[in-house]
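Okay, start_24.pdb now, which holds PDB, C-alpha atoms:
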```pdb
ATOM      1  CA  MET R  20     233.404   5.692 248.593
ATOM      2  CA  SER R  21     232.702   9.418 248.478
ATOM      3  CA  VAL R  22     229.800  10.997 250.347
ATOM      4  CA  PRO R  23     230.011  14.591 249.083
ATOM      5  CA  ARG R  24     226.908  15.827 250.879
ATOM      6  CA  GLY R  25     224.145  14.468 252.949
ATOM      7  CA  ALA R  26     224.381  11.641 255.343
ATOM      8  CA  VAL R  27     220.674  12.103 254.824
ATOM      9  CA  HIS R  28     218.355  11.799 251.809
ATOM     10  CA  ALA R  29     216.655  15.211 252.017
ATOM     11  CA  LYS R  30     219.058  17.883 250.781
ATOM     12  CA  TRP R  31     216.844  20.963 250.721
ATOM     13  CA  ILE R  32     213.559  21.095 252.623
ATOM     14  CA  VAL R  33     210.996  23.766 253.450
ATOM     15  CA  GLY R  34     209.271  23.673 256.805
ATOM     16  CA  LYS R  35     207.690  25.654 259.607
ATOM     17  CA  VAL R  36     209.457  26.288 262.897
ATOM     18  CA  ILE R  37     207.563  24.814 265.808
ATOM     19  CA  GLY R  38     210.039  25.139 268.651
ATOM     20  CA  THR R  39     213.075  27.173 269.618
ATOM     21  CA  LYS R  40     213.523  26.108 273.230
ATOM     22  CA  MET R  41     216.856  24.422 272.432
ATOM     23  CA  GLN R  42     220.002  26.475 272.272
ATOM     24  CA  LYS R  43     221.063  27.230 268.683
ATOM     25  CA  THR R  44     218.641  24.573 267.375
ATOM     26  CA  ALA R  45     215.243  24.974 265.776
ATOM     27  CA  LYS R  46     212.599  22.270 265.657
ATOM     28  CA  VAL R  47     211.083  22.344 262.171
ATOM     29  CA  ARG R  48     207.978  20.539 260.953
ATOM     30  CA  VAL R  49     208.163  19.510 257.297
ATOM     31  CA  THR R  50     205.072  18.380 255.380
ATOM     32  CA  ARG R  51     205.161  16.256 252.282
ATOM     33  CA  LEU R  52     202.256  15.158 250.094
ATOM     34  CA  VAL R  53     201.805  11.385 250.315
ATOM     35  CA  LEU R  54     199.381   9.410 248.157
ATOM     36  CA  ASP R  55     196.853   7.299 250.034
ATOM     37  CA  PRO R  56     196.861   3.950 248.154
ATOM     38  CA  TYR R  57     193.103   3.356 248.374
ATOM     39  CA  LEU R  58     191.622   6.836 248.069
ATOM     40  CA  LEU R  59     194.297   7.967 245.571
ATOM     41  CA  LYS R  60     194.331  11.375 247.209
ATOM     42  CA  PHE R  61     197.319  13.288 248.500
ATOM     43  CA  PHE R  62     197.509  14.072 252.199
ATOM     44  CA  ASN R  63     200.100  16.029 254.146
ATOM     45  CA  LYS R  64     202.414  13.850 256.159
ATOM     46  CA  ARG R  65     204.403  15.614 258.867
ATOM     47  CA  LYS R  66     207.928  14.961 260.004
ATOM     48  CA  THR R  67     209.983  16.971 262.441
ATOM     49  CA  TYR R  68     213.593  17.834 261.762
ATOM     50  CA  PHE R  69     216.095  19.576 263.993
ATOM     51  CA  ALA R  70     218.111  22.323 262.359
ATOM     52  CA  HIS R  71     221.210  24.128 263.496
ATOM     53  CA  ASP R  72     220.533  27.848 263.929
ATOM     54  CA  PRO R  73     223.714  29.474 265.216
ATOM     55  CA  LEU R  74     222.347  33.019 265.521
ATOM     56  CA  GLN R  75     219.046  31.916 267.123
ATOM     57  CA  GLN R  76     217.153  34.090 264.670
ATOM     58  CA  CYS R  77     214.139  31.789 264.248
ATOM     59  CA  VAL R  78     210.838  32.456 265.950
ATOM     60  CA  VAL R  79     208.026  29.910 266.251
ATOM     61  CA  GLY R  80     205.910  30.156 263.093
ATOM     62  CA  ASP R  81     208.631  31.124 260.596
ATOM     63  CA  ILE R  82     208.770  29.317 257.272
ATOM     64  CA  VAL R  83     212.385  28.248 256.745
ATOM     65  CA  LEU R  84     214.543  26.531 254.147
ATOM     66  CA  LEU R  85     216.869  23.877 255.557
ATOM     67  CA  LYS R  86     220.025  22.563 253.955
ATOM     68  CA  ALA R  87     221.468  19.141 254.704
ATOM     69  CA  LEU R  88     224.827  19.192 256.492
ATOM     70  CA  PRO R  89     227.703  17.183 254.985
ATOM     71  CA  GLU R  90     227.907  15.126 258.140
ATOM     72  CA  ARG R  91     225.654  14.845 261.198
ATOM     73  CA  ARG R  92     226.213  17.518 263.774
ATOM     74  CA  SER R  93     224.755  15.496 266.621
ATOM     75  CA  LYS R  94     222.491  12.516 267.075
ATOM     76  CA  HIS R  95     219.393  14.297 265.705
ATOM     77  CA  VAL R  96     220.659  17.463 264.023
ATOM     78  CA  LYS R  97     221.435  16.741 260.357
ATOM     79  CA  HIS R  98     220.346  20.050 258.782
ATOM     80  CA  GLU R  99     221.158  23.705 259.129
ATOM     81  CA  LEU R 100     219.162  26.842 258.533
ATOM     82  CA  ALA R 101     219.780  28.073 254.980
ATOM     83  CA  GLU R 102     217.340  30.984 254.907
ATOM     84  CA  ILE R 103     214.131  32.227 256.468
ATOM     85  CA  VAL R 104     211.633  32.261 253.591
ATOM     86  CA  PHE R 105     208.786  34.028 255.399
ATOM     87  CA  LYS R 106     209.254  35.648 258.788
ATOM     88  CA  VAL R 107     206.137  35.459 260.928
ATOM     89  CA  GLY R 108     204.370  38.825 261.106
ATOM     90  CA  ASN R 109     206.766  40.311 258.578
ATOM     91  CA  VAL R 110     206.005  38.595 255.274
ATOM     92  CA  ILE R 111     207.630  40.234 252.250
ATOM     93  CA  ASP R 112     205.962  39.571 248.904
ATOM     94  CA  PRO R 113     208.830  38.391 246.650
ATOM     95  CA  ILE R 114     207.219  39.686 243.440
ATOM     96  CA  THR R 115     206.994  43.326 244.545
ATOM     97  CA  GLY R 116     209.356  43.300 247.529
ATOM     98  CA  LYS R 117     206.854  45.078 249.754
ATOM     99  CA  PRO R 118     205.663  43.940 253.182
ATOM    100  CA  CYS R 119     202.217  42.411 253.185
ATOM    101  CA  ALA R 120     199.772  40.706 255.526
ATOM    102  CA  GLY R 121     197.368  38.134 254.149
ATOM    103  CA  THR R 122     196.000  39.349 250.832
ATOM    104  CA  ARG R 123     196.715  43.039 251.244
ATOM    105  CA  PHE R 124     199.828  45.124 251.167
ATOM    106  CA  LEU R 125     200.793  46.955 254.317
ATOM    107  CA  GLU R 126     202.192  50.041 252.643
ATOM    108  CA  ASN R 127     200.766  52.082 249.821
ATOM    109  CA  LEU R 128     201.940  50.750 246.465
ATOM    110  CA  SER R 129     201.485  53.875 244.327
ATOM    111  CA  ASP R 130     204.303  56.407 244.542
ATOM    112  CA  SER R 131     202.376  59.563 243.654
ATOM    113  CA  GLU R 132     203.148  61.175 247.019
ATOM    114  CA  ASN R 133     206.911  60.806 246.512
ATOM    115  CA  LEU R 134     207.095  62.675 243.206
ATOM    116  CA  THR R 135     209.293  65.743 243.266
ATOM    117  CA  GLU R 136     208.632  69.055 241.446
ATOM    118  CA  ALA R 137     210.939  68.081 238.597
ATOM    119  CA  ASP R 138     209.044  64.822 238.086
ATOM    120  CA  THR R 139     205.632  66.519 237.965
ATOM    121  CA  THR R 140     206.787  69.169 235.445
ATOM    122  CA  TYR R 141     208.442  66.487 233.273
ATOM    123  CA  LEU R 142     205.283  64.365 233.306
ATOM    124  CA  SER R 143     202.993  67.299 232.528
ATOM    125  CA  GLU R 144     205.247  68.259 229.572
ATOM    126  CA  LYS R 145     205.009  64.716 228.242
ATOM    127  CA  LEU R 146     201.234  64.887 228.566
ATOM    128  CA  GLN R 147     201.183  68.167 226.615
ATOM    129  CA  GLU R 148     203.215  66.569 223.816
ATOM    130  CA  LEU R 149     200.785  63.687 223.612
ATOM    131  CA  LYS R 150     197.787  66.050 223.415
ATOM    132  CA  VAL R 151     199.489  68.039 220.611
ATOM    133  CA  CYS R 152     200.211  64.843 218.635
ATOM    134  CA  SER R 153     196.619  63.663 218.904
ATOM    135  CA  THR R 154     195.197  67.038 217.748
ATOM    136  CA  GLU R 155     197.613  67.081 214.762
ATOM    137  CA  LYS R 156     196.293  63.748 213.578
TER     138      LYS R 156
ATOM    139  CA  MET Z  60     177.579   4.105 242.065
ATOM    140  CA  PRO Z  61     179.670   7.204 241.162
ATOM    141  CA  MET Z  62     182.892   8.251 242.940
ATOM    142  CA  LYS Z  63     182.644  10.737 245.794
ATOM    143  CA  GLY Z  64     183.840  14.333 245.504
ATOM    144  CA  ARG Z  65     183.723  17.296 243.125
ATOM    145  CA  PHE Z  66     186.005  16.066 240.339
ATOM    146  CA  PRO Z  67     186.708  12.465 241.321
ATOM    147  CA  VAL Z  68     188.545  11.881 238.039
ATOM    148  CA  ARG Z  69     191.503  13.558 239.764
ATOM    149  CA  ARG Z  70     191.710  10.518 241.995
ATOM    150  CA  THR Z  71     192.208   7.976 239.221
ATOM    151  CA  LEU Z  72     195.563   6.430 238.350
ATOM    152  CA  GLN Z  73     194.979   7.141 234.676
ATOM    153  CA  TYR Z  74     194.560  10.867 235.326
ATOM    154  CA  LEU Z  75     197.547  10.992 237.662
ATOM    155  CA  SER Z  76     199.831   9.230 235.194
ATOM    156  CA  GLN Z  77     198.755  11.682 232.471
ATOM    157  CA  GLY Z  78     200.844  14.381 234.130
ATOM    158  CA  ASP Z  79     203.685  15.218 231.779
ATOM    159  CA  VAL Z  80     205.752  17.540 233.964
ATOM    160  CA  ILE Z  81     208.752  15.509 235.122
ATOM    161  CA  PHE Z  82     211.231  17.741 236.936
ATOM    162  CA  LYS Z  83     214.958  17.697 236.379
ATOM    163  CA  ASN Z  84     216.997  15.938 239.035
ATOM    164  CA  SER Z  85     218.179  19.225 240.487
ATOM    165  CA  VAL Z  86     214.681  20.341 241.616
ATOM    166  CA  LYS Z  87     214.260  19.427 245.272
ATOM    167  CA  ALA Z  88     211.317  21.455 246.588
ATOM    168  CA  MET Z  89     208.404  23.406 245.158
ATOM    169  CA  THR Z  90     206.399  26.000 247.050
ATOM    170  CA  VAL Z  91     203.029  27.242 245.819
ATOM    171  CA  ASN Z  92     201.607  30.455 247.293
ATOM    172  CA  TYR Z  93     198.039  31.125 246.225
ATOM    173  CA  ASN Z  94     194.906  32.887 247.407
ATOM    174  CA  THR Z  95     191.508  31.390 248.042
ATOM    175  CA  ALA Z  96     189.633  34.436 246.692
ATOM    176  CA  GLY Z  97     190.116  36.844 243.811
ATOM    177  CA  ALA Z  98     189.818  36.494 240.054
ATOM    178  CA  LEU Z  99     193.570  36.955 239.418
ATOM    179  CA  SER Z 100     194.365  33.911 241.506
ATOM    180  CA  ASP Z 101     191.860  31.698 239.672
ATOM    181  CA  GLY Z 102     194.450  30.024 237.453
ATOM    182  CA  ALA Z 103     196.591  29.312 240.496
ATOM    183  CA  ARG Z 104     193.679  27.737 242.329
ATOM    184  CA  ARG Z 105     192.868  25.529 239.355
ATOM    185  CA  PHE Z 106     196.544  24.599 239.088
ATOM    186  CA  VAL Z 107     196.571  23.457 242.715
ATOM    187  CA  PHE Z 108     193.285  21.590 242.354
ATOM    188  CA  PHE Z 109     193.957  19.819 239.054
ATOM    189  CA  ASN Z 110     197.662  19.751 238.296
ATOM    190  CA  VAL Z 111     199.560  19.519 241.582
ATOM    191  CA  PRO Z 112     198.435  15.880 242.192
ATOM    192  CA  GLN Z 113     199.690  14.963 238.731
ATOM    193  CA  ILE Z 114     203.026  16.647 239.334
ATOM    194  CA  GLN Z 115     203.485  15.022 242.734
ATOM    195  CA  TYR Z 116     202.599  11.603 241.309
ATOM    196  CA  GLN Z 117     205.220  11.917 238.582
ATOM    197  CA  ASN Z 118     207.826  13.378 240.966
ATOM    198  CA  PRO Z 119     207.436  11.545 244.262
ATOM    199  CA  TRP Z 120     210.762  12.810 245.658
ATOM    200  CA  VAL Z 121     210.069  16.521 245.191
ATOM    201  CA  GLN Z 122     208.650  18.204 248.289
ATOM    202  CA  ILE Z 123     205.562  20.277 247.412
ATOM    203  CA  VAL Z 124     204.298  22.767 250.008
ATOM    204  CA  LEU Z 125     201.134  24.820 249.597
ATOM    205  CA  PHE Z 126     200.644  28.209 251.293
ATOM    206  CA  ARG Z 127     197.269  29.927 251.326
ATOM    207  CA  ASN Z 128     196.596  33.671 251.630
ATOM    208  CA  MET Z 129     200.085  34.678 252.720
ATOM    209  CA  THR Z 130     200.809  37.257 250.035
ATOM    210  CA  PRO Z 131     198.500  39.236 247.728
ATOM    211  CA  SER Z 132     200.111  37.859 244.574
ATOM    212  CA  PRO Z 133     200.221  34.142 243.735
ATOM    213  CA  PHE Z 134     203.572  32.621 242.764
ATOM    214  CA  LEU Z 135     205.563  29.404 242.585
ATOM    215  CA  ARG Z 136     209.046  28.990 243.974
ATOM    216  CA  PHE Z 137     211.419  26.155 243.148
ATOM    217  CA  TYR Z 138     214.459  25.281 245.246
ATOM    218  CA  LEU Z 139     217.211  23.624 243.242
ATOM    219  CA  ASP Z 140     220.087  21.495 244.447
ATOM    220  CA  SER Z 141     222.647  24.199 243.723
ATOM    221  CA  GLY Z 142     220.932  26.578 246.153
ATOM    222  CA  GLU Z 143     219.384  28.490 243.287
ATOM    223  CA  GLN Z 144     215.751  29.575 243.641
ATOM    224  CA  VAL Z 145     213.384  30.074 240.722
ATOM    225  CA  LEU Z 146     210.445  32.430 241.245
ATOM    226  CA  VAL Z 147     207.487  32.085 238.856
ATOM    227  CA  ASP Z 148     204.684  34.657 238.924
ATOM    228  CA  ILE Z 149     201.346  32.956 238.195
ATOM    229  CA  GLU Z 150     199.016  35.890 238.599
ATOM    230  CA  ASP Z 151     196.443  36.117 235.815
ATOM    231  CA  LYS Z 152     197.589  32.920 234.071
ATOM    232  CA  SER Z 153     195.449  29.892 233.354
ATOM    233  CA  ASN Z 154     196.451  26.564 234.877
ATOM    234  CA  LYS Z 155     197.395  25.195 231.467
ATOM    235  CA  GLU Z 156     199.763  28.104 230.841
ATOM    236  CA  ILE Z 157     201.367  27.553 234.232
ATOM    237  CA  THR Z 158     202.033  23.854 233.564
ATOM    238  CA  GLU Z 159     203.429  24.614 230.100
ATOM    239  CA  HIS Z 160     205.722  27.232 231.543
ATOM    240  CA  ILE Z 161     207.175  25.066 234.294
ATOM    241  CA  LYS Z 162     207.516  22.158 231.899
ATOM    242  CA  LYS Z 163     209.557  24.415 229.636
ATOM    243  CA  ILE Z 164     211.833  25.838 232.328
ATOM    244  CA  LEU Z 165     212.314  22.951 234.743
ATOM    245  CA  GLY Z 166     210.954  19.837 233.096
ATOM    246  CA  LYS Z 167     212.974  17.038 231.547
ATOM    247  CA  SER Z 168     212.882  17.269 227.785
ATOM    248  CA  LYS Z 169     211.437  14.498 225.630
ATOM    249  CA  GLU Z 170     214.922  13.469 224.459
ATOM    250  CA  THR Z 171     216.122  13.022 228.049
ATOM    251  CA  LEU Z 172     213.074  10.938 228.913
ATOM    252  CA  GLU Z 173     213.491   8.748 225.839
ATOM    253  CA  LYS Z 174     217.185   8.286 226.591
ATOM    254  CA  GLU Z 175     216.359   7.203 230.156
ATOM    255  CA  GLU Z 176     213.734   4.805 228.834
ATOM    256  CA  ARG Z 177     216.276   3.247 226.494
ATOM    257  CA  GLU Z 178     218.814   2.917 229.322
ATOM    258  CA  ARG Z 179     216.251   1.127 231.432
ATOM    259  CA  LYS Z 180     215.372  -1.223 228.570
ATOM    260  CA  LYS Z 181     219.048  -2.073 228.028
ATOM    261  CA  LEU Z 182     219.335  -3.450 231.535
ATOM    262  CA  SER Z 183     216.755  -6.201 230.921
ATOM    263  CA  HIS Z 184     217.367  -8.781 228.213
ATOM    264  CA  PRO Z 185     214.103  -9.344 226.286
ATOM    265  CA  ALA Z 186     214.943 -12.884 225.157
ATOM    266  CA  THR Z 187     215.117 -14.461 228.623
ATOM    267  CA  PHE Z 188     212.272 -15.907 230.695
ATOM    268  CA  GLY Z 189     211.708 -15.794 234.425
ATOM    269  CA  PRO Z 190     210.047 -13.886 237.291
ATOM    270  CA  LYS Z 191     208.155 -10.747 236.289
ATOM    271  CA  LYS Z 192     210.500  -8.541 238.317
ATOM    272  CA  TYR Z 193     213.523  -9.301 236.165
ATOM    273  CA  HIS Z 194     212.156 -10.538 232.822
ATOM    274  CA  LEU Z 195     209.464  -9.631 230.312
ATOM    275  CA  ARG Z 196     207.759 -13.019 230.191
ATOM    276  CA  GLU Z 197     207.670 -16.009 232.472
ATOM    277  CA  CYS Z 198     207.182 -18.901 230.074
ATOM    278  CA  MET Z 199     207.247 -19.627 226.349
ATOM    279  CA  CYS Z 200     203.544 -20.576 226.521
ATOM    280  CA  GLU Z 201     202.624 -16.858 226.933
ATOM    281  CA  ILE Z 202     203.702 -16.052 223.359
ATOM    282  CA  GLU Z 203     201.169 -16.268 220.527
ATOM    283  CA  GLY Z 204     201.892 -19.086 218.094
ATOM    284  CA  GLN Z 205     203.738 -21.254 220.592
ATOM    285  CA  VAL Z 206     202.465 -24.388 222.324
ATOM    286  CA  PRO Z 207     199.806 -23.235 224.852
ATOM    287  CA  CYS Z 208     200.229 -23.883 228.578
ATOM    288  CA  PRO Z 209     199.319 -27.499 229.428
ATOM    289  CA  ALA Z 210     197.611 -26.165 232.594
ATOM    290  CA  VAL Z 211     195.011 -24.511 230.343
ATOM    291  CA  VAL Z 212     194.874 -26.809 227.289
ATOM    292  CA  PRO Z 213     195.971 -30.500 227.561
ATOM    293  CA  LEU Z 214     198.897 -31.396 225.295
ATOM    294  CA  PRO Z 215     198.208 -33.706 222.291
ATOM    295  CA  LYS Z 216     198.932 -37.362 222.950
ATOM    296  CA  GLU Z 217     202.057 -37.449 220.795
ATOM    297  CA  MET Z 218     203.803 -34.788 222.906
ATOM    298  CA  ARG Z 219     203.166 -36.425 226.283
ATOM    299  CA  GLY Z 220     206.081 -38.251 227.799
ATOM    300  CA  LYS Z 221     203.761 -41.057 228.992
ATOM    301  CA  TYR Z 222     202.696 -41.905 225.395
ATOM    302  CA  LYS Z 223     206.226 -41.666 224.048
ATOM    303  CA  ALA Z 224     207.448 -44.058 226.737
ATOM    304  CA  SER Z 225     204.655 -46.570 226.014
ATOM    305  CA  VAL Z 226     205.434 -46.506 222.266
ATOM    306  CA  LYS Z 227     209.113 -47.135 223.003
ATOM    307  CA  ASN Z 228     208.207 -50.052 225.296
ATOM    308  CA  GLU Z 229     206.026 -51.689 222.615
ATOM    309  CA  ALA Z 230     208.682 -51.322 219.973
TER     310      ALA Z 230
END
```
Will you turn the file into structure tokens for me?
Amino acid sequence: MSVPRGAVHAKWIVGKVIGTKMQKTAKVRVTRLVLDPYLLKFFNKRKTYFAHDPLQQCVVGDIVLLKALPERRSKHVKHELAEIVFKVGNVIDPITGKPCAGTRFLENLSDSENLTEADTTYLSEKLQELKVCSTEK
Amino acid sequence: MPMKGRFPVRRTLQYLSQGDVIFKNSVKAMTVNYNTAGALSDGARRFVFFNVPQIQYQNPWVQIVLFRNMTPSPFLRFYLDSGEQVLVDIEDKSNKEITEHIKKILGKSKETLEKEERERKKLSHPATFGPKKYHLRECMCEIEGQVPCPAVVPLPKEMRGKYKASVKNEA
């Protein structure tokens, strides 16, 4: 009987770190949506997992991705830290790659201040060409 | 007496089972980042309100996590079994477009679903009778055109064992 991975059912889970008081271990709270049988509405159900974090790089409040270990590391630790999805206070928007806080970006998105002389002359030439084309028509 | 809530139809089994996004077996977790304000995030908000319950009902073993107002742009992120992550930008898309898109990229195709349905049917033999868990029907009396259940309609005299025995005794 082969057990290639997971002495545990959950292979990849996303959760929030709630405690780092243990050495090289992070306490992670994972929420899943569970259907209430009478109301037929989904509610968050919490479960805490312990994850192995060898470099102790988690801070309370991080959103992390956990990966199931092939076999249990200790009585409670069955997962390890795969990656920190969102670091608390330092959220990077994955679409643009820029740091952001809430619904606004922290740094200026437009790059007009970083244009060099060559760029500005090139762009102004292009603009001239466009004006000439439109007047020809 | 109407149901409570804004769109209580979302809380009906019929609506939940109408969800047609069934994820492939490799999808383990889905993360939805959306904003509570802003016109660009409107499709994302509708997606969370109307479609996420359907998706979770059809995929009970996929973990779905919702994050509000963490980043300016709304997006979905899927975590697959191979460690691969799929990022889907949902800014300025309607909720219907979002469901179509994820059905196309990560949903089981109709052929796969039909094949699975056929596999499941093969396991149970349709011609046997017994408990509902293992068989289609429990008794021959359930089928149209057969003798109805004697618990509901008494059998005609000629079919009853009592009458047959009395006739045999006389003769």
Per residue of chain R within 10 Å of chain Z, which atom pair is closest and at what distance in Å (one decimal), using all atoms listed in the file, listed by chain and increasing number, as a Markdown table?
```
| residue | atom | partner | partner_atom | distance |
| --- | --- | --- | --- | --- |
| R:His28 | CA | Z:Trp120 | CA | 9.8 |
| R:Ala29 | CA | Z:Lys87 | CA | 8.3 |
| R:Lys30 | CA | Z:Asp140 | CA | 7.4 |
| R:Trp31 | CA | Z:Lys87 | CA | 6.2 |
| R:Ile32 | CA | Z:Ala88 | CA | 6.4 |
| R:Val33 | CA | Z:Ala88 | CA | 7.2 |
| R:Gly34 | CA | Z:Val124 | CA | 8.5 |
| R:Val49 | CA | Z:Val124 | CA | 8.9 |
| R:Thr50 | CA | Z:Val124 | CA | 7.0 |
| R:Arg51 | CA | Z:Gln122 | CA | 5.6 |
| R:Leu52 | CA | Z:Ile123 | CA | 6.7 |
| R:Val53 | CA | Z:Pro119 | CA | 8.3 |
| R:Leu54 | CA | Z:Tyr116 | CA | 7.9 |
| R:Tyr57 | CA | Z:Arg70 | CA | 9.7 |
| R:Leu58 | CA | Z:Arg70 | CA | 7.1 |
| R:Leu59 | CA | Z:Arg70 | CA | 5.1 |
| R:Lys60 | CA | Z:Arg70 | CA | 5.9 |
| R:Phe61 | CA | Z:Pro112 | CA | 6.9 |
| R:Asn63 | CA | Z:Val124 | CA | 9.0 |
| R:Leu84 | CA | Z:Tyr138 | CA | 9.0 |
| R:Lys86 | CA | Z:Gly142 | CA | 8.8 |
| R:Ala101 | CA | Z:Gly142 | CA | 9.0 |
| R:Phe105 | CA | Z:Met129 | CA | 9.1 |
| R:Val110 | CA | Z:Thr130 | CA | 7.5 |
| R:Ile111 | CA | Z:Thr130 | CA | 7.8 |
| R:Asp112 | CA | Z:Thr130 | CA | 5.8 |
| R:Pro113 | CA | Z:Leu146 | CA | 8.2 |
| R:Ile114 | CA | Z:Asp148 | CA | 7.2 |
| R:Thr115 | CA | Z:Ser132 | CA | 8.8 |
| R:Lys117 | CA | Z:Thr130 | CA | 9.9 |
| R:Pro118 | CA | Z:Thr130 | CA | 8.8 |
| R:Cys119 | CA | Z:Thr130 | CA | 6.2 |
| R:Ala120 | CA | Z:Thr130 | CA | 6.6 |
| R:Gly121 | CA | Z:Met129 | CA | 4.6 |
| R:Thr122 | CA | Z:Pro131 | CA | 4.0 |
| R:Arg123 | CA | Z:Pro131 | CA | 5.5 |
| R:Phe124 | CA | Z:Pro131 | CA | 6.9 |
```
Which protein, DNA or RNA residues have an atom at most 10 Å from (199.2, 23.1, 229.6), counting all atoms listed in the file? List them as a PyMOL selection string. chain Z and resi 78-80+106+110+153-162
Evaluate the PyMOL selection byres ((chain R and resi 35) around 7) on the structure here and hand back the selected residues as a VMD selection string. chain R and resid 34 36 to 37 47 to 49 80 to 83
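Nearest residue to R:Pro89 among R:Ser143, R:Thr135, R:Val151, R:Val27 is R:Val27, counting all atoms listed in the file.
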Mind giving me the straight-line distance from atom CA of Z:Ile164 to atom CA of Z:Arg179 in Å, one decimal? 25.1 Å
Anything within 12 Å of (216.4, -3.9, 239.5): list those residues as a PyMOL selection string, counting only C-alpha atoms and sticking to the file's coordinates. chain Z and resi 179-183+191-194
On this structure, the PyMOL selection byres ((chain R and resi 75) around 12) would catch which residues? List them as a ChimeraX atom specification, sorted by chain and number. /R:36,38-46,70-74,76-79,99-100,103
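Note that atom CA of Z:Leu214 and atom CA of Z:Met199 are 14.5 Å apart.
One distance worth recording is that between atom CA of Z:Pro190 and atom CA of Z:Asn118, which is 27.6 Å.
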